[in-house]
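Student: Let me begin by handing over the structure; questions about it come next.
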Amino acid sequence: MTSADDTPTRATTAPSRVVPSTGTGCPPTSLASGPVTSQVVVVTTSSTSAPAGSVLPVKTEIVVLSDGPRVMARPQWSALEVLGPGAVVARAVGSAGLDVPTPITRGTTIPAQTVPTQITLTGCDGAPLTPGTYRLRALVGYGSDALNNSVAGTTGAFVMASEPVDLTVT
């Protein structure tokens, strides 16, 4: 007299969900200033807000304040970074390529050709960034120009960093 329903049932599964990134996984950035850091200002321009996981277009320029030695901008040392509280949470690194001779001539504004022109708003772990407030900066990696004798003794890897700009991830 029992009426048991013997229809097979299947456990319900929750839809797959992407867990937002807390920004873990990005190695720290070494910011070694070099011989022209005080002679230039790196300026980064982008939208002030963008959805998590989206691609954010970025423009980076070098404004030259005073004359300096020509340097060789290096794509593989250049990057865009999204900064969270106390850490780099996302990074787009310049592609491998030829160094770009960069004259440091007072009063000029130079496109930062070695810096990526966009960054995907995902953490270094690949997950979309958690919505919130971040800062965006550009890093122009450079080295001394071997043909320029005025910077003798200043070999190495250097970085010109932009002042970070506000970015809201939605």
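The chains in the structure tokens are called A, B, ... from first to last as shown; in each chain the residues are counted from 1, and the ligands are counted from 1 in the order shown.
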Env of Pro131 in chain A: 8 Å cut, atoms = only C-alpha atoms, seq-sep filter 3 positions within chain, self excluded. Answer as a tab-separated table (two decimals) with all heavy atoms, in the first residue's frame.
Tutor:
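New file selection_32.tsv:
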```tsv
chain	number	residue	atom	x	y	z
A	51	PRO	N	34.51	46.73	-16.90
A	51	PRO	CA	34.05	45.48	-16.28
A	51	PRO	C	35.19	44.49	-16.03
A	51	PRO	O	36.15	44.44	-16.80
A	51	PRO	CB	33.07	44.91	-17.32
A	51	PRO	CG	32.80	45.99	-18.29
A	51	PRO	CD	33.97	46.93	-18.23
A	52	ALA	N	35.05	43.72	-14.98
A	52	ALA	CA	36.02	42.65	-14.68
A	52	ALA	C	36.12	41.72	-15.87
A	52	ALA	O	35.13	41.41	-16.52
A	52	ALA	CB	35.59	41.88	-13.44
A	168	THR	N	38.33	51.78	-11.61
A	168	THR	CA	37.26	51.06	-10.93
A	168	THR	C	36.85	49.89	-11.79
A	168	THR	O	36.49	50.05	-12.96
A	168	THR	CB	36.03	51.96	-10.68
A	168	THR	OG1	36.45	53.08	-9.88
A	168	THR	CG2	34.93	51.22	-9.97
A	169	VAL	N	36.94	48.68	-11.23
A	169	VAL	CA	36.53	47.47	-11.92
A	169	VAL	C	35.12	47.15	-11.46
A	169	VAL	O	34.86	47.06	-10.25
A	169	VAL	CB	37.51	46.30	-11.64
A	169	VAL	CG1	37.00	45.00	-12.25
A	169	VAL	CG2	38.91	46.65	-12.18
A	170	THR	N	34.22	46.98	-12.44
A	170	THR	CA	32.81	46.73	-12.11
A	170	THR	C	32.44	45.29	-12.35
A	170	THR	O	33.16	44.55	-12.98
A	170	THR	CB	31.89	47.63	-12.96
A	170	THR	OG1	32.16	47.42	-14.34
A	170	THR	CG2	32.10	49.10	-12.62
```
Student: Mind the document's chain letters and residue numbers, and return as a PyMOL selection string the residues of range 49-118 of chain A that DSSP labels strand (DSSP E or B).
Tutor: chain A and resi 49-50+55-64+68-73+79-84+87-93+100-104+109-111+118
Student: Within 12 Å of range 119-129 of chain A, counting only C-alpha atoms, which residues qualify if same-chain residues fewer than 2 places away don't, as a PyMOL selection string?
Tutor: chain A and resi 17-28+46-47+49-59+79-84+87-94+115-117+131-138+167-170
Student: Report the closest atom pair, with its distance in Å rounded to one decimal, for each residue of range 38-109 of chain A that has an atom no farther than 9 Å from range 156-165 of chain A; count only C-alpha atoms, sort by chain and then rising residue number, and write it as a Markdown table.
Tutor:
```
| residue | atom | partner | partner_atom | distance |
| --- | --- | --- | --- | --- |
| A:Val40 | CA | A:Met160 | CA | 8.0 |
| A:Val41 | CA | A:Ser162 | CA | 6.8 |
| A:Val42 | CA | A:Ser162 | CA | 4.5 |
| A:Val43 | CA | A:Ser162 | CA | 5.6 |
| A:Thr44 | CA | A:Ser162 | CA | 6.4 |
| A:Thr45 | CA | A:Val165 | CA | 8.0 |
| A:Ser46 | CA | A:Val165 | CA | 8.5 |
| A:Thr48 | CA | A:Val165 | CA | 8.1 |
| A:Thr60 | CA | A:Ser162 | CA | 8.5 |
| A:Ile62 | CA | A:Ser162 | CA | 8.9 |
| A:Trp77 | CA | A:Val159 | CA | 7.8 |
| A:Ser78 | CA | A:Val159 | CA | 7.7 |
| A:Val82 | CA | A:Pro164 | CA | 8.8 |
| A:Leu83 | CA | A:Pro164 | CA | 8.3 |
```
